[in-house]
>>> print(open('entry_39.txt').read())   # compact mmCIF, C-alpha atoms
# COMPACT_ATOMS: atom_id res chain seq x y z
CA MET A 25 44.63 -7.37 -50.37
CA LYS A 26 48.04 -6.83 -48.89
CA ILE A 27 50.18 -7.74 -45.87
CA THR A 28 53.13 -5.51 -44.93
CA ILE A 29 55.84 -6.84 -42.66
CA SER A 30 59.10 -5.63 -41.16
CA THR A 31 62.14 -7.83 -40.83
CA SER A 32 64.89 -7.42 -38.26
CA ARG A 33 67.74 -9.58 -39.52
CA LYS A 34 69.78 -10.15 -42.69
CA GLN A 35 68.06 -13.50 -43.21
CA GLU A 36 64.87 -14.53 -41.49
CA LEU A 37 61.66 -16.53 -41.89
CA ILE A 38 58.44 -14.72 -40.95
CA ASP A 39 55.30 -16.82 -40.47
CA ILE A 40 52.30 -15.10 -42.11
CA THR A 41 49.84 -18.01 -41.96
CA ASP A 42 47.51 -16.32 -39.47
CA LYS A 43 47.49 -13.05 -41.40
CA VAL A 44 46.66 -14.83 -44.66
CA ASN A 45 43.90 -16.83 -42.95
CA GLU A 46 42.42 -13.55 -41.62
CA LEU A 47 42.24 -12.23 -45.20
CA VAL A 48 40.62 -15.48 -46.38
CA LYS A 49 38.03 -15.12 -43.60
CA LYS A 50 37.45 -11.44 -44.49
CA SER A 51 36.91 -12.36 -48.17
CA LYS A 52 34.03 -14.70 -47.17
CA VAL A 53 35.24 -17.12 -49.87
CA LYS A 54 34.45 -20.69 -48.81
CA GLU A 55 36.04 -22.73 -51.65
CA GLY A 56 38.83 -21.63 -53.98
CA ILE A 57 42.51 -20.79 -54.03
CA CYS A 58 44.72 -18.19 -52.36
CA ASN A 59 47.80 -16.77 -54.11
CA VAL A 60 50.44 -15.24 -51.84
CA PHE A 61 53.06 -13.17 -53.70
CA VAL A 62 55.99 -11.23 -52.22
CA LYS A 63 56.78 -8.13 -54.28
CA HIS A 64 60.57 -8.19 -53.91
CA ALA A 65 63.53 -9.73 -55.77
CA THR A 66 65.47 -10.50 -52.56
CA ALA A 67 62.66 -12.24 -50.67
CA ALA A 68 60.60 -15.37 -51.28
CA ILE A 69 57.59 -17.36 -50.05
CA ILE A 70 57.95 -20.92 -48.80
CA ILE A 71 55.63 -23.32 -47.02
CA ASN A 72 57.09 -25.53 -44.32
CA GLU A 73 57.15 -26.52 -40.67
CA ASN A 74 57.36 -23.78 -38.07
CA TYR A 75 56.31 -25.78 -34.99
CA ASP A 76 59.97 -26.53 -34.26
CA PRO A 77 61.58 -23.18 -35.13
CA ASN A 78 64.88 -25.01 -35.65
CA VAL A 79 63.57 -26.13 -39.05
CA CYS A 80 63.79 -22.46 -40.11
CA ILE A 81 67.41 -22.22 -38.93
CA ASP A 82 68.32 -25.50 -40.65
CA PHE A 83 66.59 -24.33 -43.83
CA LEU A 84 68.56 -21.07 -44.03
CA ASN A 85 71.85 -22.84 -43.26
CA ALA A 86 71.29 -25.46 -45.96
CA LEU A 87 70.21 -22.79 -48.45
CA ASN A 88 73.38 -20.79 -47.80
CA LYS A 89 75.53 -23.89 -48.29
CA ALA A 90 73.89 -24.73 -51.62
CA PHE A 91 73.88 -21.08 -52.78
CA PRO A 92 76.65 -19.25 -50.89
CA ASP A 93 76.77 -15.46 -50.68
CA HIS A 94 79.72 -13.55 -52.17
CA ALA A 95 80.97 -16.38 -54.37
CA GLY A 96 82.55 -14.02 -56.86
CA TYR A 97 79.23 -12.68 -58.21
CA LEU A 98 79.28 -9.78 -60.71
CA HIS A 99 76.22 -8.10 -59.14
CA ASP A 100 78.01 -7.87 -55.78
CA LYS A 101 79.99 -4.97 -57.26
CA VAL A 102 76.71 -3.07 -57.72
CA ASP A 103 74.54 -3.96 -54.72
CA ASN A 104 76.52 -6.63 -52.83
CA ASN A 105 73.37 -8.78 -52.62
CA ALA A 106 73.66 -11.21 -55.57
CA GLY A 107 73.33 -14.16 -53.21
CA ALA A 108 69.97 -12.85 -52.01
CA HIS A 109 68.72 -12.49 -55.61
CA ILE A 110 69.87 -16.01 -56.50
CA LYS A 111 68.21 -17.62 -53.47
CA ALA A 112 64.99 -15.61 -54.05
CA ALA A 113 64.84 -16.73 -57.70
CA VAL A 114 65.32 -20.39 -56.77
CA LEU A 115 62.65 -20.36 -54.03
CA GLY A 116 60.20 -18.19 -55.98
CA PRO A 117 58.04 -15.23 -54.90
CA SER A 118 54.73 -17.04 -54.54
CA GLU A 119 52.71 -20.02 -53.41
CA THR A 120 49.11 -20.92 -54.26
CA ILE A 121 47.10 -22.70 -51.57
CA PRO A 122 43.65 -24.33 -51.69
CA ILE A 123 40.80 -22.91 -49.59
CA GLU A 124 38.18 -25.18 -48.01
CA ASN A 125 35.30 -24.18 -45.72
CA GLY A 126 36.60 -20.60 -45.62
CA LYS A 127 40.11 -21.55 -44.46
CA LEU A 128 43.50 -22.32 -45.99
CA LYS A 129 43.67 -26.09 -46.55
CA LEU A 130 47.21 -26.50 -45.21
CA GLY A 131 48.64 -29.67 -43.74
CA ARG A 132 49.17 -30.03 -39.99
CA TRP A 133 52.85 -28.98 -40.26
CA GLN A 134 52.61 -26.42 -43.04
CA SER A 135 53.07 -22.70 -42.40
CA ILE A 136 53.34 -19.92 -45.00
CA MET A 137 56.57 -18.01 -44.51
CA VAL A 138 58.19 -14.96 -46.02
CA VAL A 139 61.89 -15.62 -46.55
CA GLU A 140 63.88 -12.44 -45.93
CA LEU A 141 67.21 -12.73 -47.75
CA ASP A 142 68.51 -9.15 -47.69
CA GLY A 143 67.20 -7.56 -44.51
CA PRO A 144 66.50 -5.91 -42.31
CA ARG A 145 63.73 -4.12 -44.25
CA SER A 146 60.80 -2.14 -42.94
CA ASN A 147 58.30 -2.53 -45.78
CA ARG A 148 58.14 -6.02 -47.24
CA GLU A 149 54.85 -6.22 -49.17
CA VAL A 150 52.95 -9.44 -49.73
CA GLU A 151 50.02 -9.41 -52.15
CA VAL A 152 47.19 -11.84 -51.42
CA ARG A 153 44.62 -12.82 -54.05
CA ILE A 154 41.65 -15.06 -53.36
CA LEU A 155 39.78 -16.65 -56.26
CA THR A 156 36.78 -18.97 -56.50
CA MET B 14 38.94 -32.76 -54.89
CA LYS B 15 41.66 -34.92 -53.48
CA ILE B 16 44.13 -37.65 -54.46
CA THR B 17 45.54 -39.95 -51.76
CA ILE B 18 48.68 -41.94 -52.44
CA SER B 19 50.92 -44.39 -50.62
CA THR B 20 54.68 -44.35 -50.94
CA SER B 21 56.95 -47.33 -50.43
CA ARG B 22 60.43 -45.85 -50.10
CA LYS B 23 62.28 -43.17 -48.11
CA GLN B 24 62.52 -41.01 -51.25
CA GLU B 25 60.44 -41.53 -54.36
CA LEU B 26 58.70 -39.76 -57.24
CA ILE B 27 55.08 -40.75 -57.86
CA ASP B 28 53.53 -39.73 -61.19
CA ILE B 29 49.98 -38.41 -60.62
CA THR B 30 49.39 -36.88 -64.08
CA ASP B 31 46.67 -39.38 -65.06
CA LYS B 32 44.86 -38.98 -61.75
CA VAL B 33 44.88 -35.18 -62.03
CA ASN B 34 43.65 -35.38 -65.65
CA GLU B 35 40.77 -37.63 -64.48
CA LEU B 36 39.73 -34.93 -62.00
CA VAL B 37 39.96 -32.25 -64.71
CA LYS B 38 37.71 -34.40 -66.94
CA LYS B 39 35.28 -35.00 -64.07
CA SER B 40 35.08 -31.24 -63.39
CA LYS B 41 33.88 -30.64 -67.00
CA VAL B 42 36.01 -27.46 -67.02
CA LYS B 43 37.26 -26.79 -70.55
CA GLU B 44 39.50 -23.72 -70.04
CA GLY B 45 41.17 -22.61 -66.81
CA ILE B 46 43.87 -23.60 -64.36
CA CYS B 47 44.50 -26.56 -62.08
CA ASN B 48 46.30 -26.16 -58.74
CA VAL B 49 47.90 -29.30 -57.32
CA PHE B 50 48.94 -28.98 -53.66
CA VAL B 51 50.51 -31.63 -51.42
CA LYS B 52 49.48 -31.21 -47.78
CA HIS B 53 52.76 -32.22 -46.15
CA ALA B 54 55.96 -30.48 -45.04
CA THR B 55 58.20 -33.39 -46.10
CA ALA B 56 56.82 -33.85 -49.62
CA ALA B 57 56.65 -31.64 -52.71
CA ILE B 58 55.18 -31.36 -56.20
CA ILE B 59 57.42 -31.09 -59.26
CA ILE B 60 56.79 -31.28 -62.99
CA ASN B 61 59.34 -33.06 -65.14
CA GLU B 62 60.12 -35.94 -67.48
CA ASN B 63 59.03 -39.41 -66.47
CA TYR B 64 59.36 -41.16 -69.85
CA ASP B 65 62.92 -42.17 -68.97
CA PRO B 66 62.50 -43.05 -65.27
CA ASN B 67 66.24 -42.47 -64.81
CA VAL B 68 65.48 -38.73 -64.78
CA CYS B 69 63.72 -39.32 -61.44
CA ILE B 70 66.75 -41.15 -60.01
CA ASP B 71 69.13 -38.46 -61.28
CA PHE B 72 66.85 -35.76 -59.81
CA LEU B 73 66.82 -37.28 -56.32
CA ASN B 74 70.59 -37.86 -56.40
CA ALA B 75 71.32 -34.27 -57.44
CA LEU B 76 68.86 -32.92 -54.85
CA ASN B 77 70.58 -34.92 -52.09
CA LYS B 78 73.99 -33.62 -53.15
CA ALA B 79 72.82 -29.99 -53.10
CA PHE B 80 70.85 -30.44 -49.85
CA PRO B 81 72.39 -33.38 -47.98
CA ASP B 82 70.53 -35.16 -45.15
CA HIS B 83 71.96 -35.15 -41.62
CA ALA B 84 74.38 -32.27 -42.16
CA GLY B 85 74.34 -31.29 -38.50
CA TYR B 86 70.73 -30.01 -38.53
CA LEU B 87 69.14 -28.98 -35.22
CA HIS B 88 65.75 -30.48 -36.14
CA ASP B 89 67.36 -33.92 -36.58
CA LYS B 90 67.47 -34.17 -32.78
CA VAL B 91 63.65 -33.91 -32.75
CA ASP B 92 62.43 -35.81 -35.81
CA ASN B 93 65.61 -36.79 -37.69
CA ASN B 94 64.05 -35.50 -40.94
CA ALA B 95 65.39 -31.95 -41.30
CA GLY B 96 66.78 -32.77 -44.75
CA ALA B 97 63.29 -33.76 -45.93
CA HIS B 98 61.83 -30.46 -44.66
CA ILE B 99 64.59 -28.44 -46.35
CA LYS B 100 64.17 -30.18 -49.71
CA ALA B 101 60.36 -29.88 -49.51
CA ALA B 102 60.60 -26.14 -48.81
CA VAL B 103 62.96 -25.56 -51.73
CA LEU B 104 60.83 -27.53 -54.22
CA GLY B 105 57.50 -26.22 -52.93
CA PRO B 106 54.20 -27.99 -52.24
CA SER B 107 52.32 -26.94 -55.37
CA GLU B 108 52.21 -26.37 -59.10
CA THR B 109 49.56 -24.56 -61.13
CA ILE B 110 48.92 -25.87 -64.66
CA PRO B 111 46.81 -24.46 -67.51
CA ILE B 112 43.76 -26.38 -68.77
CA GLU B 113 42.80 -26.37 -72.46
CA ASN B 114 39.96 -28.31 -74.13
CA GLY B 115 39.21 -30.08 -70.86
CA LYS B 116 42.79 -31.39 -70.37
CA LEU B 117 45.98 -30.34 -68.61
CA LYS B 118 48.05 -28.34 -71.11
CA LEU B 119 51.36 -30.03 -70.29
CA GLY B 120 54.32 -30.31 -72.63
CA ARG B 121 55.19 -33.62 -74.31
CA TRP B 122 57.75 -34.49 -71.61
CA GLN B 123 56.06 -33.02 -68.56
CA SER B 124 54.56 -35.19 -65.82
CA ILE B 125 53.20 -34.04 -62.45
CA MET B 126 54.99 -35.85 -59.67
CA VAL B 127 54.69 -36.05 -55.90
CA VAL B 128 58.16 -36.01 -54.36
CA GLU B 129 58.24 -38.23 -51.28
CA LEU B 130 61.14 -37.10 -49.08
CA ASP B 131 60.39 -38.85 -45.77
CA GLY B 132 58.62 -42.09 -46.65
CA PRO B 133 57.30 -44.61 -46.72
CA ARG B 134 53.91 -43.10 -45.85
CA SER B 135 50.46 -44.54 -46.38
CA ASN B 136 48.36 -41.36 -46.63
CA ARG B 137 49.95 -38.60 -48.68
CA GLU B 138 47.13 -36.19 -49.57
CA VAL B 139 47.15 -34.01 -52.66
CA GLU B 140 44.49 -31.32 -52.99
CA VAL B 141 43.38 -30.46 -56.53
CA ARG B 142 41.54 -27.23 -57.33
CA ILE B 143 40.20 -26.37 -60.78
CA LEU B 144 39.27 -22.77 -61.61
CA THR B 145 37.88 -21.06 -64.69
CA MET C 21 46.97 -17.29 -74.72
CA LYS C 22 50.49 -18.18 -75.66
CA ILE C 23 53.96 -16.65 -76.05
CA THR C 24 56.51 -18.39 -78.28
CA ILE C 25 60.18 -17.55 -77.96
CA SER C 26 63.47 -18.59 -79.51
CA THR C 27 66.64 -19.03 -77.51
CA SER C 28 70.16 -18.69 -78.86
CA ARG C 29 72.38 -20.23 -76.20
CA LYS C 30 72.68 -23.43 -74.17
CA GLN C 31 71.59 -21.56 -71.03
CA GLU C 32 69.89 -18.19 -71.06
CA LEU C 33 67.32 -16.02 -69.29
CA ILE C 34 64.70 -14.38 -71.51
CA ASP C 35 62.66 -11.53 -70.04
CA ILE C 36 58.98 -11.92 -71.02
CA THR C 37 57.48 -9.34 -68.62
CA ASP C 38 56.39 -6.94 -71.39
CA LYS C 39 54.84 -9.73 -73.46
CA VAL C 40 52.88 -11.02 -70.46
CA ASN C 41 51.72 -7.49 -69.61
CA GLU C 42 50.49 -7.07 -73.22
CA LEU C 43 48.35 -10.20 -72.81
CA VAL C 44 47.00 -8.91 -69.49
CA LYS C 45 46.07 -5.63 -71.19
CA LYS C 46 44.48 -7.50 -74.11
CA SER C 47 42.39 -9.60 -71.69
CA LYS C 48 40.86 -6.40 -70.22
CA VAL C 49 41.01 -8.07 -66.79
CA LYS C 50 41.52 -5.42 -64.09
CA GLU C 51 41.87 -7.54 -60.92
CA GLY C 52 42.92 -11.18 -60.70
CA ILE C 53 45.87 -13.49 -61.22
CA CYS C 54 48.08 -14.43 -64.15
CA ASN C 55 49.60 -17.92 -64.45
CA VAL C 56 52.68 -18.19 -66.68
CA PHE C 57 53.61 -21.80 -67.55
CA VAL C 58 56.47 -23.00 -69.78
CA LYS C 59 55.56 -26.23 -71.58
CA HIS C 60 59.00 -27.90 -71.46
CA ALA C 61 60.90 -30.19 -69.08
CA THR C 62 64.26 -28.48 -69.71
CA ALA C 63 63.11 -24.88 -69.16
CA ALA C 64 61.63 -23.00 -66.21
CA ILE C 65 60.03 -19.71 -65.16
CA ILE C 66 61.62 -17.50 -62.51
CA ILE C 67 60.96 -13.98 -61.29
CA ASN C 68 63.93 -11.80 -60.44
CA GLU C 69 65.94 -8.69 -61.19
CA ASN C 70 66.88 -7.97 -64.77
CA TYR C 71 67.85 -4.29 -64.41
CA ASP C 72 71.47 -5.32 -63.85
CA PRO C 73 71.79 -8.19 -66.36
CA ASN C 74 74.70 -9.54 -64.31
CA VAL C 75 72.12 -10.94 -61.87
CA CYS C 76 71.12 -13.37 -64.66
CA ILE C 77 74.74 -14.46 -65.19
CA ASP C 78 75.28 -14.87 -61.44
CA PHE C 79 72.04 -16.85 -61.17
CA LEU C 80 73.02 -19.36 -63.87
CA ASN C 81 76.53 -19.76 -62.45
CA ALA C 82 75.22 -20.41 -58.94
CA LEU C 83 72.58 -22.83 -60.27
CA ASN C 84 75.25 -24.80 -62.16
CA LYS C 85 77.43 -25.01 -59.06
CA ALA C 86 74.55 -26.31 -56.92
CA PHE C 87 73.30 -28.68 -59.66
CA PRO C 88 76.24 -29.45 -61.95
CA ASP C 89 75.74 -30.90 -65.45
CA HIS C 90 77.17 -34.32 -66.33
CA ALA C 91 77.70 -35.46 -62.73
CA GLY C 92 77.39 -39.13 -63.65
CA TYR C 93 73.64 -38.96 -64.42
CA LEU C 94 71.95 -42.04 -65.92
CA HIS C 95 69.79 -39.98 -68.28
CA ASP C 96 72.92 -38.47 -69.88
CA LYS C 97 73.35 -41.79 -71.71
CA VAL C 98 69.98 -41.21 -73.40
CA ASP C 99 69.73 -37.46 -74.05
CA ASN C 100 72.84 -35.97 -72.39
CA ASN C 101 70.64 -33.32 -70.75
CA ALA C 102 69.91 -34.69 -67.26
CA GLY C 103 71.34 -31.53 -65.67
CA ALA C 104 68.79 -29.43 -67.58
CA HIS C 105 65.92 -31.64 -66.38
CA ILE C 106 67.11 -31.47 -62.78
CA LYS C 107 67.46 -27.67 -62.78
CA ALA C 108 64.07 -27.26 -64.51
CA ALA C 109 62.38 -29.46 -61.89
CA VAL C 110 63.92 -27.52 -59.01
CA LEU C 111 62.97 -24.09 -60.41
CA GLY C 112 59.53 -25.18 -61.63
CA PRO C 113 57.67 -24.44 -64.87
CA SER C 114 55.34 -21.72 -63.62
CA GLU C 115 54.73 -18.61 -61.58
CA THR C 116 51.41 -17.02 -60.61
CA ILE C 117 51.35 -13.22 -60.33
CA PRO C 118 48.65 -10.85 -59.03
CA ILE C 119 46.97 -8.38 -61.40
CA GLU C 120 45.93 -4.90 -60.23
CA ASN C 121 44.41 -2.11 -62.31
CA GLY C 122 44.89 -4.16 -65.48
CA LYS C 123 48.63 -4.72 -64.94
CA LEU C 124 50.92 -7.32 -63.37
CA LYS C 125 51.50 -6.29 -59.74
CA LEU C 126 55.24 -6.94 -59.76
CA GLY C 127 57.77 -5.28 -57.50
CA ARG C 128 60.11 -2.60 -58.81
CA TRP C 129 62.92 -5.13 -59.42
CA GLN C 130 60.88 -8.15 -60.48
CA SER C 131 60.90 -9.43 -64.06
CA ILE C 132 59.35 -12.66 -65.36
CA MET C 133 61.98 -14.75 -67.09
CA VAL C 134 62.06 -17.97 -69.06
CA VAL C 135 65.09 -20.02 -68.02
CA GLU C 136 66.48 -21.89 -71.02
CA LEU C 137 68.50 -24.84 -69.74
CA ASP C 138 68.97 -26.94 -72.90
CA GLY C 139 69.10 -24.52 -75.81
CA PRO C 140 69.27 -23.17 -78.30
CA ARG C 141 65.64 -23.93 -79.20
CA SER C 142 63.41 -22.25 -81.73
CA ASN C 143 59.96 -22.91 -80.25
CA ARG C 144 59.76 -22.51 -76.51
CA GLU C 145 56.07 -22.17 -75.67
CA VAL C 146 54.76 -20.28 -72.66
CA GLU C 147 51.07 -20.59 -71.78
CA VAL C 148 49.47 -17.57 -70.09
CA ARG C 149 46.17 -17.84 -68.20
CA ILE C 150 44.39 -14.86 -66.68
CA LEU C 151 41.68 -15.42 -64.07
CA THR C 152 39.45 -13.12 -62.08
>>> encode(input="entry_39.txt", output="structure tokens")
Amino acid sequence: MKITISTSRKQELIDITDKVNELVKKSKVKEGICNVFVKHATAAIIINENYDPNVCIDFLNALNKAFPDHAGYLHDKVDNNAGAHIKAAVLGPSETIPIENGKLKLGRWQSIMVVELDGPRSNREVEVRILT
Amino acid sequence: MKITISTSRKQELIDITDKVNELVKKSKVKEGICNVFVKHATAAIIINENYDPNVCIDFLNALNKAFPDHAGYLHDKVDNNAGAHIKAAVLGPSETIPIENGKLKLGRWQSIMVVELDGPRSNREVEVRILT
Amino acid sequence: MKITISTSRKQELIDITDKVNELVKKSKVKEGICNVFVKHATAAIIINENYDPNVCIDFLNALNKAFPDHAGYLHDKVDNNAGAHIKAAVLGPSETIPIENGKLKLGRWQSIMVVELDGPRSNREVEVRILT
């Protein structure tokens, strides 16, 4: 199963929790795990709060301070996106979430988000696997 | 299956390896994987050395240097815990570990630890799923 | 199933994508997930670009700037490798990847890499579990 999303900015967090939960529902799996995997080397999956959208802004700012773009990277001469690769590798392309009673067993403040690090892009693909 | 823990400090690492291994034993699964998922947006799961407990202190210090608290975050005006959210999102809420002969197949120096980033809290819930 | 690798430098990225895909093929599993787990507290698994090998150099440089070695760590008095433990804990020991049509469903620019952080070592063990 797959989710395809478009992004509209250079860096952005896209909440896909509802879309993943729809796929869990569709699978009819009641108990198990759900693996969410973004198929790109300049994007990542994180789980965090999205109720206050400022958390997303703070997250990207802090990430850029810890791993700044254009800090003399060799790959910038090729694609000019080394910073996006570095941040994607640190965050990782996937998360695995428990399923209970046919739904993702997330905490009250946990949302699944695609981290766009080299946008905008029109076809960011997220693979979803559900296992019992 | 679930593990509930209490934390006693603002930031802390709690070793849950033995508790997870008890659940693996209880499941009677001999070969498979174990997904450990903390249900909070200001906590995380890591795997690392806990034989020398100084590794845990060094880890939290280094994490706070790379992602400092109260660095002008917008969410601090709401909950004053943006730094905890940021660190939790970077580390991630889960790890998936192989099972062999009815036990977690961890390395000699690997322990599973809950990272408390906004404690103390009395009810930190960790979901454990075992699949074959 | 297991992959054993040797490393030749203090820090290094070793691409194991082909070896993992061989194990997937050998398993005859067509649809499912593959968990790749390195059994060491001073190594990690990441997924990123390896077509331009400079991405690997940039990644290690950026990681060392965000989490510098020998920054007054307590564990350095014991093993002198606290920085390796810290980086390993942040990156994490495992990744879980979807399988489709008997192959890892990776993106065009995604490779699975072992991150050596305290080498050289002759026996770095990577556990591979394939589930349907």
>>> residues_around(input="entry_39.txt", residues="Leu33 of chain C", least_positions_apart="4", cutoff="12 Å", atoms="all atoms listed in the file", output="JSON, numbers by chain")
{"A": [113], "C": [25, 26, 27, 28, 29, 37, 63, 64, 65, 66, 67, 68, 69, 70, 73, 74, 75, 76, 77, 78, 79, 80, 131, 132, 133, 134, 135, 136, 137, 138, 139, 140]}
>>> residues_around(input="entry_39.txt", residues="Val102 of chain A", least_positions_apart="3", cutoff="12 Å", atoms="only C-alpha atoms", output="PDB file with C-alpha atoms, in the coordinates of the input")
ATOM      1  CA  TYR A  97      79.230 -12.680 -58.210  1.00  0.00           C
ATOM      2  CA  LEU A  98      79.280  -9.780 -60.710  1.00  0.00           C
ATOM      3  CA  HIS A  99      76.220  -8.100 -59.140  1.00  0.00           C
ATOM      4  CA  ASN A 105      73.370  -8.780 -52.620  1.00  0.00           C
ATOM      5  CA  ALA A 106      73.660 -11.210 -55.570  1.00  0.00           C
TER       6      ALA A 106
ATOM      7  CA  TYR C  71      67.850  -4.290 -64.410  1.00  0.00           C
ATOM      8  CA  ASP C  72      71.470  -5.320 -63.850  1.00  0.00           C
ATOM      9  CA  PRO C  73      71.790  -8.190 -66.360  1.00  0.00           C
ATOM     10  CA  ASN C  74      74.700  -9.540 -64.310  1.00  0.00           C
ATOM     11  CA  VAL C  75      72.120 -10.940 -61.870  1.00  0.00           C
TER      12      VAL C  75
END
>>> interface_residues(input="entry_39.txt", of="chain C", to="chain B", cutoff="8 Å", atoms="only C-alpha atoms", output="list in words")
Asn55, Phe57, Lys59, His60, Ala61, Ala86, Phe87, Tyr93, Leu94, His95, Ala102, His105, Ile106, Ala108, Ala109, Val110, Leu111, Gly112, Pro113, Ser114, Glu115, Thr116, Glu147, Val148, Arg149 and Leu151 of chain C
>>> axis_aligned_box(input="entry_39.txt", around="segment 118-130 of chain C", padding_each_side="4 Å", output="lines of an AutoDock Vina configuration file")
center_x = 53.7
center_y = -6.5
center_z = -61.5
size_x = 26.5
size_y = 16.7
size_z = 16.0
>>> atom_distance(input="entry_39.txt", atom1="atom CA of Leu128 of chain A", atom2="atom CA of Thr55 of chain B")
18.4 Å
>>> residues_around(input="entry_39.txt", residues="Lys46 of chain C", least_positions_apart="6", cutoff="12 Å", atoms="all atoms listed in the file", output="count of residues only")
7
>>> atom_distance(input="entry_39.txt", atom1="atom CA of Leu43 of chain C", atom2="atom CA of Val146 of chain C")
11.9 Å
>>> atom_distance(input="entry_39.txt", atom1="atom CA of Asp39 of chain A", atom2="atom CA of Asp89 of chain B")
21.3 Å
>>> closest_residue(input="entry_39.txt", among="C:Glu120, C:Val58, C:Asp99, C:Glu42", to="Asn143 of chain C", atoms="only C-alpha atoms")
C:Val58
